[in-house]
$ cat model02.txt   # compact mmCIF, C-alpha atoms
# COMPACT_ATOMS: atom_id res chain seq x y z
CA ALA D 1 9.73 3.84 11.38
CA PHE D 2 13.05 2.28 12.48
CA ILE D 3 15.18 5.20 11.30
CA SER D 4 12.96 8.11 12.33
CA GLY D 5 9.89 6.44 13.76
CA LEU D 6 7.93 6.42 17.00
CA ARG D 7 9.68 6.23 20.35
CA ASP D 8 8.20 3.37 22.35
CA ASN D 9 10.47 3.23 25.41
CA GLN D 10 8.15 5.18 27.67
CA ILE D 11 4.53 4.27 28.43
CA LYS D 12 3.04 1.32 26.61
CA GLY D 13 0.07 2.05 24.40
CA LYS D 14 -3.18 2.55 26.25
CA ALA D 15 -5.54 3.26 23.38
CA SER D 16 -8.67 1.10 23.45
CA GLN D 17 -8.62 -1.98 21.25
CA GLN D 18 -12.40 -2.07 21.08
CA SER D 19 -13.85 -1.76 17.59
CA SER D 20 -17.50 -1.03 18.36
CA SER D 21 -19.01 2.17 17.00
CA ASN D 22 -19.35 3.65 20.49
CA GLU D 23 -15.69 3.04 21.33
CA GLN D 24 -14.66 4.45 17.96
CA ASP D 25 -16.65 7.63 18.58
CA TYR D 26 -15.08 7.92 22.01
CA SER D 27 -11.60 7.48 20.58
CA TYR D 28 -12.23 10.22 18.04
CA GLU D 29 -13.59 12.54 20.73
CA LYS D 30 -10.54 11.75 22.83
CA LEU D 31 -8.28 12.64 19.93
CA MET D 32 -10.16 15.91 19.48
CA LEU D 33 -9.39 16.72 23.11
CA VAL D 34 -5.68 15.88 23.10
CA ASP D 35 -4.69 16.66 19.50
CA GLU D 36 -7.27 18.65 17.58
CA LEU D 37 -4.99 19.22 14.59
CA SER D 38 -4.55 15.49 14.00
CA ALA D 39 -8.28 14.92 14.50
CA GLN D 40 -9.09 17.49 11.82
CA LYS D 41 -6.99 15.54 9.32
CA ILE D 42 -8.45 12.12 10.18
CA SER D 43 -11.93 10.87 9.36
CA SER D 44 -14.03 9.99 12.40
CA ASN D 45 -14.51 6.56 10.78
CA ASP D 46 -10.79 5.88 10.34
CA ASN D 47 -10.36 3.79 13.48
CA TYR D 48 -6.82 2.68 12.61
CA ARG D 49 -5.38 6.18 12.26
CA ILE D 50 -7.31 7.47 15.29
CA LYS D 51 -5.81 4.75 17.47
CA ARG D 52 -2.36 5.27 15.95
CA ALA D 53 -2.42 8.97 16.86
CA LEU D 54 -3.68 8.18 20.37
CA GLU D 55 -1.03 5.50 20.84
CA TYR D 56 1.65 8.05 20.05
CA PHE D 57 0.15 10.52 22.53
CA TYR D 58 0.04 7.91 25.29
CA GLN D 59 3.53 6.67 24.54
CA THR D 60 5.23 10.05 24.47
CA GLY D 61 2.89 12.58 26.02
CA GLU D 62 3.22 14.60 22.82
CA LYS D 63 0.84 15.39 19.99
CA PHE D 64 1.13 13.24 16.88
CA SER D 65 0.63 16.36 14.76
CA GLU D 66 3.78 17.86 16.33
CA PHE D 67 5.70 14.70 15.54
CA ASN D 68 4.59 14.97 11.92
CA SER D 69 5.71 18.57 11.62
CA THR D 70 8.96 18.57 13.63
CA LEU D 71 10.29 15.05 14.19
CA ARG D 72 9.51 13.18 11.01
CA GLY D 73 12.44 12.95 8.66
CA GLN D 74 15.05 13.51 11.40
CA ASN D 75 17.12 10.35 11.52
CA GLN D 76 17.80 8.86 14.92
CA TYR D 77 20.69 6.81 13.54
CA GLU D 78 23.41 7.26 10.97
CA SER D 79 21.98 5.54 7.94
CA LEU D 80 22.79 4.77 4.35
CA PHE D 81 20.12 4.51 1.68
CA ILE D 82 20.85 2.50 -1.46
CA VAL D 83 17.93 2.71 -3.88
CA PHE D 84 17.77 0.70 -7.10
CA SER D 85 15.28 2.27 -9.49
CA PRO D 86 14.49 1.60 -13.15
CA LEU D 87 13.76 4.37 -15.58
CA ARG D 88 10.20 5.56 -15.15
CA GLU D 89 9.15 4.43 -18.62
CA LYS D 90 10.49 0.94 -17.97
CA LEU D 91 8.88 0.82 -14.54
CA TYR D 92 5.46 1.82 -15.86
CA GLN D 93 5.74 -0.71 -18.67
CA ARG D 94 6.48 -3.47 -16.17
CA ILE D 95 3.60 -2.39 -13.96
CA ASN D 96 1.17 -2.56 -16.89
CA GLN D 97 2.49 -5.99 -17.88
CA ARG D 98 2.28 -7.21 -14.29
CA VAL D 99 -1.37 -6.15 -13.94
CA ASP D 100 -2.28 -7.86 -17.22
CA TYR D 101 -0.53 -11.02 -15.99
CA MET D 102 -2.36 -10.95 -12.64
CA VAL D 103 -5.71 -10.50 -14.38
CA SER D 104 -4.99 -13.38 -16.77
CA LYS D 105 -3.98 -15.65 -13.89
CA GLY D 106 -7.16 -15.25 -11.87
CA LEU D 107 -7.21 -11.90 -10.07
CA PHE D 108 -10.95 -11.42 -10.67
CA ALA D 109 -11.70 -14.97 -9.49
CA GLU D 110 -9.58 -14.50 -6.36
CA VAL D 111 -11.32 -11.24 -5.42
CA ALA D 112 -14.73 -12.83 -6.07
CA LYS D 113 -13.90 -15.75 -3.75
CA LEU D 114 -12.59 -13.44 -1.03
CA MET D 115 -15.64 -11.20 -1.27
CA LEU D 116 -18.06 -14.12 -0.91
CA CYS D 117 -16.09 -15.55 2.03
CA TYR D 118 -15.36 -12.38 4.00
CA GLY D 119 -17.67 -9.68 2.66
CA SER D 120 -16.61 -6.48 0.94
CA LYS D 121 -15.94 -4.29 3.99
CA VAL D 122 -12.75 -5.83 5.38
CA PRO D 123 -9.74 -3.44 5.43
CA PRO D 124 -7.54 -5.35 2.91
CA PHE D 125 -10.14 -4.67 0.22
CA LYS D 126 -9.14 -1.01 0.31
CA GLY D 127 -5.90 -2.00 -1.39
CA ILE D 128 -5.06 -1.41 -5.04
CA GLY D 129 -6.71 -3.96 -7.32
CA TYR D 130 -9.23 -5.18 -4.78
CA SER D 131 -11.14 -1.91 -4.44
CA GLU D 132 -11.43 -1.39 -8.21
CA ILE D 133 -12.67 -4.94 -8.84
CA LEU D 134 -15.12 -4.87 -5.91
CA SER D 135 -16.60 -1.68 -7.31
CA PHE D 136 -17.10 -3.48 -10.63
CA PHE D 137 -18.68 -6.51 -8.92
CA GLU D 138 -21.27 -4.23 -7.30
CA GLU D 139 -22.52 -3.31 -10.77
CA ILE D 140 -22.95 -6.81 -12.20
CA ASP D 141 -25.18 -9.78 -11.43
CA ILE D 142 -24.10 -11.67 -8.29
CA ASN D 143 -24.37 -14.91 -10.29
CA GLU D 144 -21.49 -13.72 -12.43
CA VAL D 145 -19.43 -13.16 -9.30
CA ASN D 146 -20.33 -16.64 -8.05
CA LYS D 147 -19.15 -18.22 -11.29
CA LEU D 148 -15.79 -16.51 -10.94
CA ALA D 149 -15.47 -17.44 -7.26
CA CYS D 150 -16.01 -21.11 -8.06
CA LEU D 151 -12.85 -21.06 -10.15
CA TRP D 152 -10.58 -20.02 -7.29
CA ASP D 153 -9.14 -22.28 -4.62
CA PHE D 154 -7.21 -20.76 -1.71
CA ASP D 155 -4.71 -23.62 -1.72
CA ILE D 156 -3.96 -24.04 -5.43
CA GLY D 157 -5.16 -20.77 -6.96
CA LEU D 158 -6.95 -20.76 -10.30
CA VAL D 159 -8.72 -24.06 -10.87
CA ASP D 160 -9.53 -23.78 -14.59
CA GLU D 161 -7.66 -21.06 -16.48
CA SER D 162 -9.44 -21.70 -19.78
CA LYS D 163 -12.91 -21.41 -18.24
CA TYR D 164 -11.84 -18.33 -16.29
CA LEU D 165 -10.63 -16.55 -19.42
CA ASP D 166 -13.87 -17.47 -21.20
CA LEU D 167 -15.91 -15.95 -18.34
CA LEU D 168 -13.73 -12.85 -18.34
CA TYR D 169 -14.11 -12.41 -22.09
CA ASN D 170 -17.86 -12.87 -21.76
CA LEU D 171 -17.95 -10.14 -19.12
CA TYR D 172 -15.87 -7.90 -21.37
CA THR D 173 -18.34 -8.26 -24.24
CA ARG D 174 -21.22 -7.19 -21.96
CA TYR D 175 -19.50 -4.71 -19.65
CA GLU D 176 -17.20 -2.29 -21.40
CA ARG D 177 -16.24 -0.89 -18.00
CA LEU D 178 -14.17 -4.01 -17.38
CA VAL D 179 -11.40 -2.46 -19.47
CA VAL D 180 -11.68 0.75 -17.47
CA VAL D 181 -11.32 -1.24 -14.23
CA VAL D 182 -8.09 -2.86 -15.41
CA ASP D 183 -6.74 0.49 -16.62
CA LYS D 184 -7.59 2.02 -13.26
CA ILE D 185 -5.65 -0.69 -11.44
CA LYS D 186 -2.65 0.08 -13.64
CA GLN D 187 -2.98 3.82 -13.02
CA SER D 188 -3.34 3.38 -9.26
CA THR D 189 -0.27 1.14 -9.18
CA ARG D 190 1.76 3.63 -11.22
CA ASN D 191 0.69 6.42 -8.86
CA TYR D 192 1.74 4.33 -5.87
CA ALA D 193 5.14 3.64 -7.45
CA LYS D 194 5.56 7.37 -8.10
CA ARG D 195 4.81 8.16 -4.44
CA GLN D 196 7.37 5.59 -3.36
CA SER D 197 9.96 7.14 -5.63
CA THR D 198 9.18 10.63 -4.32
CA PHE D 199 9.44 9.40 -0.72
CA TRP D 200 12.89 7.94 -1.22
CA ARG D 201 14.18 10.91 -3.18
CA ASN D 202 13.15 13.19 -0.32
CA GLN D 203 14.92 11.16 2.35
CA PRO D 204 17.75 12.98 4.14
CA LYS D 205 21.32 11.74 3.68
CA ARG D 206 20.48 9.85 0.52
CA PHE D 207 23.85 8.45 -0.53
CA GLY D 208 22.99 6.31 -3.52
CA TRP D 209 20.39 6.24 -6.27
CA PHE D 210 21.13 3.76 -9.03
CA ASP D 211 19.47 2.82 -12.30
CA ILE D 212 18.71 -0.90 -12.03
CA ASN D 213 18.83 -1.27 -15.84
CA GLU D 214 22.40 0.01 -15.92
CA ILE D 215 23.39 -2.28 -13.07
CA CYS D 216 21.91 -5.32 -14.83
CA ALA D 217 23.57 -4.43 -18.14
CA THR D 218 27.04 -3.91 -16.68
CA ASP D 219 29.06 -4.86 -13.65
CA GLY D 220 27.39 -1.90 -12.01
CA LEU D 221 27.38 -3.23 -8.45
CA ASN D 222 30.82 -1.67 -8.01
CA LYS D 223 29.26 1.77 -7.48
CA PRO D 224 26.78 0.91 -4.69
CA SER D 225 29.41 -1.35 -3.11
CA SER D 226 31.85 1.57 -3.08
CA ASN D 227 29.23 3.78 -1.42
CA CYS D 228 28.77 1.18 1.33
CA ASP D 229 32.52 1.01 1.92
CA VAL D 230 32.78 4.80 2.25
CA PHE D 231 29.84 4.92 4.64
CA LEU D 232 31.19 2.13 6.88
CA LYS D 233 34.67 3.64 6.98
CA SER D 234 33.28 7.06 7.90
CA GLY D 235 31.41 5.48 10.83
CA SER D 236 34.46 3.70 12.17
CA SER D 237 36.77 6.71 12.06

$ encode --input "model02.txt" --output "structure tokens"
Amino acid sequence: AFISGLRDNQIKGKASQQSSSNEQDYSYEKLMLVDELSAQKISSNDNYRIKRALEYFYQTGEKFSEFNSTLRGQNQYESLFIVFSPLREKLYQRINQRVDYMVSKGLFAEVAKLMLCYGSKVPPFKGIGYSEILSFFEEIDINEVNKLACLWDFDIGLVDESKYLDLLYNLYTRYERLVVVVDKIKQSTRNYAKRQSTFWRNQPKRFGWFDINEICATDGLNKPSSNCDVFLKSGSS
């Protein structure tokens, strides 16, 4: 957003901050009137994206759909991108290990506690890991969820790791889908990492893409440092 993002030096956003269903319907109807193409790509229930598109319209007087097609990707500033990326196989291996670690350290208990405290409809629960586990919780006895929630404290984290692992193993023996849930979290995270990689590779004026494994194994910081020197000298000339 900083390099090629929204211009906010004109009119401040005027989109309604109301979140009632009536206001949301109005906002979507308003978007249909001012930018039908954007409205066709956004669900009428997606209040965040509706307001984002309307904010852009009010700020610039232009359609958000036109920004997407003509302005996005055009840098407003001279910029240098240095991206450190591991080999895909190594990255996916680390993702799988990280998910297993998070599960073993109380991820299911944390989600259970959050669900009981805030409900299952809050926006953060659409994130990777939360959505998959919440879907699993909807299929099991609420008492099982309560037992997990009791093992999580917002200040200190997992209260009793041994008891948590016992509960998790017990769930695994009765719900084979538990393994599928964990695998789905891994897959969703790998897909997200792939999208990030694709985004950066498609950025204009990409000056440096470096294998983090090579940099860690050698004194490889000389290459990205050299790229920075060239970029800064070209800007000062």

$ closest_atom_pairs --input "model02.txt" --of "range 37-120 of chain D" --to "range 130-150 of chain D" --cutoff "7 Å" --atoms "all atoms listed in the file" --output "tab-separated table"
residue	atom	partner	partner_atom	distance
D:Phe108	CA	D:Ile133	CA	6.9
D:Ala109	CA	D:Leu148	CA	4.6
D:Glu110	CA	D:Ala149	CA	6.6
D:Val111	CA	D:Tyr130	CA	6.4
D:Ala112	CA	D:Ala149	CA	4.8
D:Lys113	CA	D:Ala149	CA	4.2

$ write_last_selection --input "model02.txt" --atoms "C-alpha atoms" --output "tab-separated table (two decimals), keeping the file's coordinate frame"
chain	number	residue	atom	x	y	z
D	108	PHE	CA	-10.95	-11.42	-10.67
D	109	ALA	CA	-11.70	-14.97	-9.49
D	110	GLU	CA	-9.58	-14.50	-6.36
D	111	VAL	CA	-11.32	-11.24	-5.42
D	112	ALA	CA	-14.73	-12.83	-6.07
D	113	LYS	CA	-13.90	-15.75	-3.75

$ closest_residue --input "model02.txt" --among "D:Ser38, D:Ser120, D:Ser104, D:Asn45" --to "Leu165 in chain D" --atoms "only C-alpha atoms"
D:Ser104

$ residues_near_point --input "model02.txt" --point "(-5.4, 15.3, 16.7)" --cutoff "9 Å" --atoms "only C-alpha atoms" --output "CSV table (one decimal) with C-alpha atoms, keeping the file's coordinate frame"
chain,number,residue,atom,x,y,z
D,28,TYR,CA,-12.2,10.2,18.0
D,30,LYS,CA,-10.5,11.8,22.8
D,31,LEU,CA,-8.3,12.6,19.9
D,32,MET,CA,-10.2,15.9,19.5
D,33,LEU,CA,-9.4,16.7,23.1
D,34,VAL,CA,-5.7,15.9,23.1
D,35,ASP,CA,-4.7,16.7,19.5
D,36,GLU,CA,-7.3,18.6,17.6
D,37,LEU,CA,-5.0,19.2,14.6
D,38,SER,CA,-4.6,15.5,14.0
D,39,ALA,CA,-8.3,14.9,14.5
D,40,GLN,CA,-9.1,17.5,11.8
D,41,LYS,CA,-7.0,15.5,9.3
D,42,ILE,CA,-8.4,12.1,10.2
D,50,ILE,CA,-7.3,7.5,15.3
D,53,ALA,CA,-2.4,9.0,16.9
D,54,LEU,CA,-3.7,8.2,20.4
D,63,LYS,CA,0.8,15.4,20.0
D,64,PHE,CA,1.1,13.2,16.9
D,65,SER,CA,0.6,16.4,14.8

$ atom_distance --input "model02.txt" --atom1 "CA of Tyr172 in chain D" --atom2 "CA of Val122 in chain D"
27.0 Å

$ closest_residue --input "model02.txt" --among "D:Lys186, D:Lys51, D:Lys126, D:Arg174" --to "Gln97 in chain D" --atoms "all atoms listed in the file"
D:Lys186

$ atom_distance --input "model02.txt" --atom1 "CA of Leu171 in chain D" --atom2 "CA of Lys105 in chain D"
15.9 Å

$ atom_distance --input "model02.txt" --atom1 "CA of Gln93 in chain D" --atom2 "CA of Arg190 in chain D"
9.5 Å

$ closest_residue --input "model02.txt" --among "D:Asn170, D:Thr189, D:Gly106, D:Gln196" --to "Ile156 in chain D" --atoms "all atoms listed in the file"
D:Gly106

$ closest_residue --input "model02.txt" --among "D:Ser43, D:Leu91, D:Tyr164, D:Asp100" --to "Val179 in chain D" --atoms "only C-alpha atoms"
D:Asp100
